[in-house]
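Below: one structure, written as structure tokens.
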Amino acid sequence: MTWWLLYDGKDVERNRTYIDRYFKACEKRGIELEFIIEDELTIEMNNSEVCFLKNKKVIRTPDAVINRTRNYYLAVQLEQLGLRVYNNSQVTLLGARKDLALAYVQRLGCEIMPTGTGSFVRSFPCVLKTVDGHGGTEVCLADDEEAYRKYVKSISGRTYISQSVASDTGKDLRVYVLGGKVIASMLRVSKNDFRSNFCLGGAAEIYHLTKEEEQTVQKIIRSLKIDFCGIDFIFHQGRMIFNEIEDVVGSRMLYILTDIDVVEMYVDYIRQKSADHLQD
């Protein structure tokens with residue numbers, strides 16, 4: 001059995017330990033894992049066959065693709081060629097575009113903060129975000145028109161959204177979902193920043209969802225075929241409010257604060273799904 005592990009080149013160095021976990025988990029199970037940086041991969045097609053190349057050398061067609069690139073178009077292309085991609089392209093798209101994820105869950109009936117697209121700003125202060133940023137980067141709390149214009153200039157024409165500010169700033173919740181099931185929830189809190197991302201220095205602790213919060217999470221899970229991702233929420237006036245989907249979700253909090261080995265779990269899940277896919 002051969003799998004691919006796809007990465008964006010700029011994310012490799014800071015994820016070395018995580019990548020090594022995949023190699024060890026796959027080796028234990030007799031799975032050949034091909035590590036591919038996105039720019040190394042090319043695809044050649046003709047009327048009789050499809051050829052995959054890494055650095056211009058032909059490589060084996062995989063039984064499964066673990067896509068950690070955030071590249072929706074690549075995920076779609078691989079799916080159209082008959083490959084099983086984890087996560088699927090719909091989850092990758094919603095993870096890559098905050099505006100589309102907000103529109104998607106709003107239609108499901110989940111609460112979101114009032115959001116404007118384009119140059120629309122309801123009022124100040126507001127939170128400004130590029131639609132394709134991640135890890136808390138390219139997010140700004142703008143108190144006035146001057147701060148807003150400075151932010152727009154700094155992102156150089158990138159697409160962004162503006163949102164009303166939640167009452168509980170510096171606090172959010174990440175719900176980890178694997179195989180369509182919640183495996184853990186982590187509350188992240190920052191005393192120094194309105195962003196609470198763990199990678200930006202926020203503190204984290206295990207969180208237990210209330211019955212109402214669980215129902216909100218399940219609305220999203222039931223509508224998407226999630227392999228492994230994070231669903232992030234913020235808090236406003238005591239209520240959990242949808243924030244974004246993290247397709248290429250980080251797992252440092254799980255390894256530091258729990259005994260969950262999420263890579264081992266994910267590899268076992270993919271192996272079972274791949275076997276089912278090959279039998280269909």
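As shown in the structure tokens, the chain order sets the letters A, B, ...; within each chain, residues go from 1, and ligands are also counted from 1 in the order they appear.
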
### Query
Which residues, written as a list in words, have at least one atom at most 9 Å from Ile37 (chain A), with only C-alpha atoms counted and residues fewer than 5 positions away on the same chain left out?
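The residues satisfying every condition are Leu5, Leu6, Tyr7, Asp8, Gly9, Val12, Lys54 and Thr69 of chain A.
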
### Task
From the DSSP assignment of the backbone, select every residue of region 35-192 of chain A that is strand (DSSP E), and format the answer as a count of residues only.
57

Select from region 158-218 of chain A every residue with an atom at most 10 Å from any atom of region 235-254 of chain A, then for each give the shortest pair of atoms and their distance in Å to one decimal, using only C-alpha atoms, rows by chain and rising number, as JSON lines.
{"residue": "A:Val165", "atom": "CA", "partner": "A:His236", "partner_atom": "CA", "distance": 8.6}
{"residue": "A:Ala166", "atom": "CA", "partner": "A:His236", "partner_atom": "CA", "distance": 4.9}
{"residue": "A:Ser167", "atom": "CA", "partner": "A:His236", "partner_atom": "CA", "distance": 4.8}
{"residue": "A:Asp168", "atom": "CA", "partner": "A:Phe235", "partner_atom": "CA", "distance": 5.5}
{"residue": "A:Thr169", "atom": "CA", "partner": "A:Phe235", "partner_atom": "CA", "distance": 7.8}
{"residue": "A:Gly170", "atom": "CA", "partner": "A:Phe235", "partner_atom": "CA", "distance": 9.4}
{"residue": "A:Lys171", "atom": "CA", "partner": "A:Phe235", "partner_atom": "CA", "distance": 7.0}
{"residue": "A:Asp172", "atom": "CA", "partner": "A:Phe235", "partner_atom": "CA", "distance": 6.5}
{"residue": "A:Leu173", "atom": "CA", "partner": "A:Phe235", "partner_atom": "CA", "distance": 8.3}
{"residue": "A:Arg174", "atom": "CA", "partner": "A:Glu246", "partner_atom": "CA", "distance": 9.1}
{"residue": "A:Val175", "atom": "CA", "partner": "A:Ile245", "partner_atom": "CA", "distance": 9.6}
{"residue": "A:Tyr176", "atom": "CA", "partner": "A:Val249", "partner_atom": "CA", "distance": 8.4}
{"residue": "A:Val177", "atom": "CA", "partner": "A:Val249", "partner_atom": "CA", "distance": 9.9}
{"residue": "A:Ile183", "atom": "CA", "partner": "A:Leu254", "partner_atom": "CA", "distance": 9.7}
{"residue": "A:Ala184", "atom": "CA", "partner": "A:Leu254", "partner_atom": "CA", "distance": 7.9}
{"residue": "A:Ser185", "atom": "CA", "partner": "A:Leu254", "partner_atom": "CA", "distance": 9.2}
{"residue": "A:Met186", "atom": "CA", "partner": "A:Met253", "partner_atom": "CA", "distance": 7.6}
{"residue": "A:Leu187", "atom": "CA", "partner": "A:Met253", "partner_atom": "CA", "distance": 10.0}
{"residue": "A:Arg188", "atom": "CA", "partner": "A:Met253", "partner_atom": "CA", "distance": 9.6}
{"residue": "A:Phe198", "atom": "CA", "partner": "A:Met253", "partner_atom": "CA", "distance": 7.6}
{"residue": "A:Cys199", "atom": "CA", "partner": "A:Arg252", "partner_atom": "CA", "distance": 8.7}
{"residue": "A:Ala203", "atom": "CA", "partner": "A:Met253", "partner_atom": "CA", "distance": 9.6}
{"residue": "A:Ala204", "atom": "CA", "partner": "A:Met253", "partner_atom": "CA", "distance": 7.2}
{"residue": "A:Glu205", "atom": "CA", "partner": "A:Met253", "partner_atom": "CA", "distance": 8.4}
{"residue": "A:Ile206", "atom": "CA", "partner": "A:Leu254", "partner_atom": "CA", "distance": 9.1}
{"residue": "A:Leu209", "atom": "CA", "partner": "A:Met240", "partner_atom": "CA", "distance": 9.8}
{"residue": "A:Thr210", "atom": "CA", "partner": "A:Met240", "partner_atom": "CA", "distance": 10.0}
{"residue": "A:Glu212", "atom": "CA", "partner": "A:Met240", "partner_atom": "CA", "distance": 9.2}
{"residue": "A:Glu213", "atom": "CA", "partner": "A:Met240", "partner_atom": "CA", "distance": 6.8}
{"residue": "A:Thr216", "atom": "CA", "partner": "A:Met240", "partner_atom": "CA", "distance": 8.7}
{"residue": "A:Val217", "atom": "CA", "partner": "A:Phe242", "partner_atom": "CA", "distance": 9.1}

Store the residues picked out above, limited to N, CA and C atoms, as a CSV table (one decimal), in the first residue's frame.
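Written file, selection37.csv:
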chain,number,residue,atom,x,y,z
A,165,VAL,N,-17.1,42.6,16.7
A,165,VAL,CA,-16.2,42.1,17.7
A,165,VAL,C,-17.0,41.3,18.7
A,166,ALA,N,-16.6,40.0,19.0
A,166,ALA,CA,-17.3,39.2,20.0
A,166,ALA,C,-17.0,39.8,21.4
A,167,SER,N,-17.9,39.6,22.3
A,167,SER,CA,-17.8,40.2,23.6
A,167,SER,C,-16.6,39.6,24.4
A,168,ASP,N,-16.3,38.3,24.2
A,168,ASP,CA,-15.3,37.6,24.9
A,168,ASP,C,-14.0,37.5,24.1
A,169,THR,N,-13.3,38.6,24.0
A,169,THR,CA,-12.1,38.6,23.1
A,169,THR,C,-11.0,37.8,23.8
A,170,GLY,N,-10.0,37.3,23.0
A,170,GLY,CA,-8.9,36.5,23.5
A,170,GLY,C,-9.3,35.2,24.1
A,171,LYS,N,-10.4,34.7,23.5
A,171,LYS,CA,-10.9,33.4,24.0
A,171,LYS,C,-11.6,32.6,22.8
A,172,ASP,N,-11.2,31.4,22.6
A,172,ASP,CA,-11.9,30.7,21.5
A,172,ASP,C,-11.8,29.2,21.8
A,173,LEU,N,-12.5,28.4,21.0
A,173,LEU,CA,-12.6,27.0,21.2
A,173,LEU,C,-12.3,26.2,20.0
A,174,ARG,N,-11.4,25.2,20.0
A,174,ARG,CA,-11.1,24.4,18.9
A,174,ARG,C,-11.7,23.0,19.2
A,175,VAL,N,-12.6,22.5,18.3
A,175,VAL,CA,-13.1,21.2,18.4
A,175,VAL,C,-12.5,20.3,17.3
A,176,TYR,N,-11.8,19.3,17.8
A,176,TYR,CA,-11.1,18.4,16.9
A,176,TYR,C,-12.1,17.3,16.5
A,177,VAL,N,-12.2,17.1,15.1
A,177,VAL,CA,-13.1,16.1,14.6
A,177,VAL,C,-12.3,15.1,13.7
A,183,ILE,N,-13.2,14.2,18.9
A,183,ILE,CA,-12.2,13.5,19.7
A,183,ILE,C,-11.7,14.3,20.9
A,184,ALA,N,-11.8,15.6,20.8
A,184,ALA,CA,-11.4,16.5,21.9
A,184,ALA,C,-11.8,17.9,21.6
A,185,SER,N,-11.9,18.7,22.6
A,185,SER,CA,-12.2,20.1,22.5
A,185,SER,C,-11.2,20.9,23.4
A,186,MET,N,-10.6,22.0,22.9
A,186,MET,CA,-9.6,22.7,23.6
A,186,MET,C,-10.0,24.2,23.7
A,187,LEU,N,-10.1,24.7,24.9
A,187,LEU,CA,-10.3,26.1,25.1
A,187,LEU,C,-9.0,26.9,25.1
A,188,ARG,N,-8.9,27.9,24.3
A,188,ARG,CA,-7.7,28.7,24.2
A,188,ARG,C,-7.9,30.1,24.7
A,198,PHE,N,-3.0,29.1,20.0
A,198,PHE,CA,-1.9,28.4,20.8
A,198,PHE,C,-0.6,28.8,20.2
A,199,CYS,N,-0.4,28.8,18.9
A,199,CYS,CA,0.9,29.1,18.3
A,199,CYS,C,1.3,30.5,18.5
A,203,ALA,N,-2.9,30.3,26.1
A,203,ALA,CA,-2.9,29.1,27.0
A,203,ALA,C,-4.1,28.2,26.6
A,204,ALA,N,-4.0,26.9,26.8
A,204,ALA,CA,-5.0,26.0,26.4
A,204,ALA,C,-5.4,25.0,27.5
A,205,GLU,N,-6.6,24.6,27.5
A,205,GLU,CA,-7.1,23.6,28.4
A,205,GLU,C,-8.2,22.8,27.8
A,206,ILE,N,-8.4,21.5,28.3
A,206,ILE,CA,-9.4,20.7,27.8
A,206,ILE,C,-10.8,21.3,28.2
A,209,LEU,N,-17.9,20.2,26.0
A,209,LEU,CA,-19.0,20.9,25.4
A,209,LEU,C,-20.3,20.7,26.1
A,210,THR,N,-21.1,21.7,26.2
A,210,THR,CA,-22.5,21.6,26.7
A,210,THR,C,-23.3,20.8,25.7
A,212,GLU,N,-26.0,21.9,24.3
A,212,GLU,CA,-26.4,22.8,23.2
A,212,GLU,C,-25.2,23.0,22.3
A,213,GLU,N,-24.0,23.1,22.8
A,213,GLU,CA,-22.8,23.3,22.0
A,213,GLU,C,-22.5,22.1,21.2
A,216,THR,N,-24.7,22.1,18.1
A,216,THR,CA,-24.2,23.0,17.1
A,216,THR,C,-23.1,22.3,16.3
A,217,VAL,N,-22.1,21.7,17.0
A,217,VAL,CA,-21.0,21.0,16.3
A,217,VAL,C,-21.5,19.9,15.4

### Task
Compare A:Glu40, A:Asp261, A:Asp132, A:Glu13 by their minimum atom-to-atom distance to Arg97 (chain A), counting only C-alpha atoms, and give me the closest one.
A:Asp132

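Note that the spacing between CA of Lys219 (chain A) and CA of Tyr73 (chain A) amounts to 26.0 Å.
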
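Counting only C-alpha atoms and comparing A:Glu32, A:Glu38, A:Asp268, A:Asp232, the residue that lies closest to Ala75 (chain A) is A:Glu38.
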
### Query
So which one's closest to Glu214 (chain A), A:Val182, A:Met113, A:Val58, A:Val65? Using only C-alpha atoms, please.
A:Val182

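Between CA of Val262 (chain A) and CA of Ala25 (chain A) there is a distance of 10.5 Å.
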
### Between CA of Ser274 (chain A) and CA of Lys10 (chain A), distance in Å (one decimal)
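Separation of CA of Ser274 (chain A) and CA of Lys10 (chain A): 28.4 Å.
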
### Task
Using only C-alpha atoms, find the one residue out of A:Arg122, A:Arg271, A:Lys98, A:Arg60 that sits nearest to Val139 (chain A).
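Once distances to Val139 (chain A) are computed over only C-alpha atoms, the minimum belongs to A:Lys98.
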
Residue list (helix (DSSP H, G or I), DSSP) for region 180-280 of chain A, as a compact mmCIF listing (two decimals) with N, CA and C atoms, in the first residue's frame:
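Okay, selection31.txt is ready:
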# COMPACT_ATOMS: atom_id res chain seq x y z
N PHE A 198 -2.99 29.10 19.98
CA PHE A 198 -1.95 28.43 20.76
C PHE A 198 -0.56 28.76 20.22
N CYS A 199 -0.45 28.82 18.87
CA CYS A 199 0.85 29.09 18.26
C CYS A 199 1.30 30.53 18.47
N LEU A 200 0.38 31.41 18.92
CA LEU A 200 0.72 32.80 19.21
C LEU A 200 0.91 33.05 20.70
N LYS A 211 -24.50 20.43 26.15
CA LYS A 211 -25.40 19.73 25.24
C LYS A 211 -25.76 20.60 24.04
N GLU A 212 -26.02 21.89 24.30
CA GLU A 212 -26.36 22.82 23.23
C GLU A 212 -25.18 23.02 22.27
N GLU A 213 -23.98 23.14 22.83
CA GLU A 213 -22.79 23.31 22.00
C GLU A 213 -22.53 22.07 21.16
N GLU A 214 -22.73 20.91 21.75
CA GLU A 214 -22.57 19.65 21.01
C GLU A 214 -23.53 19.60 19.82
N GLN A 215 -24.74 20.06 20.01
CA GLN A 215 -25.72 20.06 18.92
C GLN A 215 -25.27 20.97 17.77
N THR A 216 -24.69 22.11 18.11
CA THR A 216 -24.17 23.01 17.08
C THR A 216 -23.06 22.35 16.29
N VAL A 217 -22.12 21.73 17.00
CA VAL A 217 -21.02 21.03 16.34
C VAL A 217 -21.54 19.92 15.43
N GLN A 218 -22.52 19.18 15.91
CA GLN A 218 -23.05 18.06 15.14
C GLN A 218 -23.75 18.52 13.86
N LYS A 219 -24.34 19.71 13.88
CA LYS A 219 -24.94 20.25 12.65
C LYS A 219 -23.90 20.33 11.54
N ILE A 220 -22.72 20.80 11.91
CA ILE A 220 -21.65 20.96 10.92
C ILE A 220 -21.09 19.60 10.52
N ILE A 221 -20.85 18.74 11.50
CA ILE A 221 -20.28 17.43 11.22
C ILE A 221 -21.19 16.62 10.31
N ARG A 222 -22.49 16.65 10.58
CA ARG A 222 -23.42 15.84 9.79
C ARG A 222 -23.50 16.30 8.33
N SER A 223 -23.18 17.55 8.09
CA SER A 223 -23.31 18.08 6.72
C SER A 223 -22.03 17.91 5.89
N ARG A 252 -0.64 20.28 18.17
CA ARG A 252 0.27 20.43 19.31
C ARG A 252 -0.48 20.36 20.64
N MET A 253 -1.65 20.99 20.71
CA MET A 253 -2.41 20.98 21.96
C MET A 253 -2.79 19.56 22.37
N LEU A 254 -3.13 18.72 21.40
CA LEU A 254 -3.52 17.35 21.72
C LEU A 254 -2.35 16.57 22.31
N TYR A 255 -1.17 16.74 21.73
CA TYR A 255 -0.01 15.99 22.22
C TYR A 255 0.50 16.53 23.55
N ILE A 256 0.33 17.80 23.81
CA ILE A 256 0.81 18.40 25.05
C ILE A 256 -0.16 18.15 26.21
N LEU A 257 -1.47 18.23 25.93
CA LEU A 257 -2.45 18.24 27.01
C LEU A 257 -3.26 16.95 27.14
N VAL A 262 -3.07 11.50 17.76
CA VAL A 262 -4.01 11.72 16.67
C VAL A 262 -3.47 11.21 15.34
N VAL A 263 -2.17 11.22 15.14
CA VAL A 263 -1.61 10.69 13.89
C VAL A 263 -1.85 9.19 13.80
N GLU A 264 -1.60 8.48 14.89
CA GLU A 264 -1.88 7.03 14.90
C GLU A 264 -3.35 6.77 14.59
N MET A 265 -4.23 7.54 15.21
CA MET A 265 -5.66 7.37 14.98
C MET A 265 -6.02 7.67 13.53
N TYR A 266 -5.43 8.73 13.00
CA TYR A 266 -5.75 9.15 11.63
C TYR A 266 -5.26 8.12 10.62
N VAL A 267 -4.07 7.60 10.83
CA VAL A 267 -3.52 6.59 9.92
C VAL A 267 -4.39 5.34 9.94
N ASP A 268 -4.83 4.92 11.12
CA ASP A 268 -5.72 3.75 11.20
C ASP A 268 -7.05 4.02 10.48
N TYR A 269 -7.57 5.22 10.67
CA TYR A 269 -8.82 5.61 10.01
C TYR A 269 -8.66 5.59 8.48
N ILE A 270 -7.58 6.18 7.98
CA ILE A 270 -7.36 6.22 6.53
C ILE A 270 -7.16 4.82 5.98
N ARG A 271 -6.43 4.00 6.69
CA ARG A 271 -6.19 2.62 6.23
C ARG A 271 -7.51 1.87 6.06
N GLN A 272 -8.42 2.05 7.03
CA GLN A 272 -9.72 1.38 6.92
C GLN A 272 -10.54 1.95 5.78
N LYS A 273 -10.56 3.28 5.65
CA LYS A 273 -11.30 3.92 4.57
C LYS A 273 -10.73 3.56 3.21
N SER A 274 -9.41 3.48 3.11
CA SER A 274 -8.77 3.13 1.84
C SER A 274 -9.13 1.72 1.43
N ALA A 275 -9.16 0.81 2.41
CA ALA A 275 -9.55 -0.58 2.12
C ALA A 275 -10.98 -0.64 1.61
N ASP A 276 -11.86 0.14 2.25
CA ASP A 276 -13.26 0.17 1.81
C ASP A 276 -13.38 0.75 0.41
N HIS A 277 -12.57 1.81 0.13
CA HIS A 277 -12.59 2.49 -1.18
C HIS A 277 -12.15 1.54 -2.29
N LEU A 278 -11.11 0.73 -2.02
CA LEU A 278 -10.59 -0.19 -3.03
C LEU A 278 -11.56 -1.33 -3.32
N GLN A 279 -12.42 -1.65 -2.32
CA GLN A 279 -13.38 -2.72 -2.50
C GLN A 279 -14.61 -2.28 -3.28

### Message
Using only C-alpha atoms, can you tell me which of A:Leu78, A:Ile112, A:Ile260, A:Leu128 comes closest to Ile234 (chain A)?
### Response
A:Ile112

### Message
I'd like to know which of A:Glu27, A:Asp39, A:Glu49, A:Asp20 is closest to Thr61 (chain A), using only C-alpha atoms.
### Response
A:Glu49

Give me, as an mmCIF file with N, CA and C atoms, in the first residue's frame, all polymer residues having an atom no more than 8 Å from Glu34 (chain A), counting only C-alpha atoms and skipping those fewer than 5 positions away in the same chain.
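What landed in out.cif:
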data_model
loop_
_atom_site.group_PDB
_atom_site.id
_atom_site.type_symbol
_atom_site.label_atom_id
_atom_site.label_comp_id
_atom_site.auth_asym_id
_atom_site.auth_seq_id
_atom_site.Cartn_x
_atom_site.Cartn_y
_atom_site.Cartn_z
ATOM 1 N N THR A 2 0.570 2.183 -0.869
ATOM 2 C CA THR A 2 1.331 3.424 -0.988
ATOM 3 C C THR A 2 0.440 4.624 -0.724
ATOM 4 N N TRP A 3 0.904 5.534 0.124
ATOM 5 C CA TRP A 3 0.196 6.784 0.387
ATOM 6 C C TRP A 3 1.099 7.954 0.052
ATOM 7 N N TRP A 4 0.471 9.089 -0.213
ATOM 8 C CA TRP A 4 1.194 10.346 -0.342
ATOM 9 C C TRP A 4 0.897 11.221 0.868
ATOM 10 N N LEU A 5 1.903 11.967 1.299
ATOM 11 C CA LEU A 5 1.723 13.029 2.286
ATOM 12 C C LEU A 5 2.141 14.323 1.606
#

### Query
Leaving out Asn87 (chain A) and any residue of its chain fewer than 2 positions from it, which residues lie within 9 Å of it when counting only C-alpha atoms, given as an MDAnalysis selection string?
chainID A and resid 65:68 75 84:85 89:92 225:229 247:248
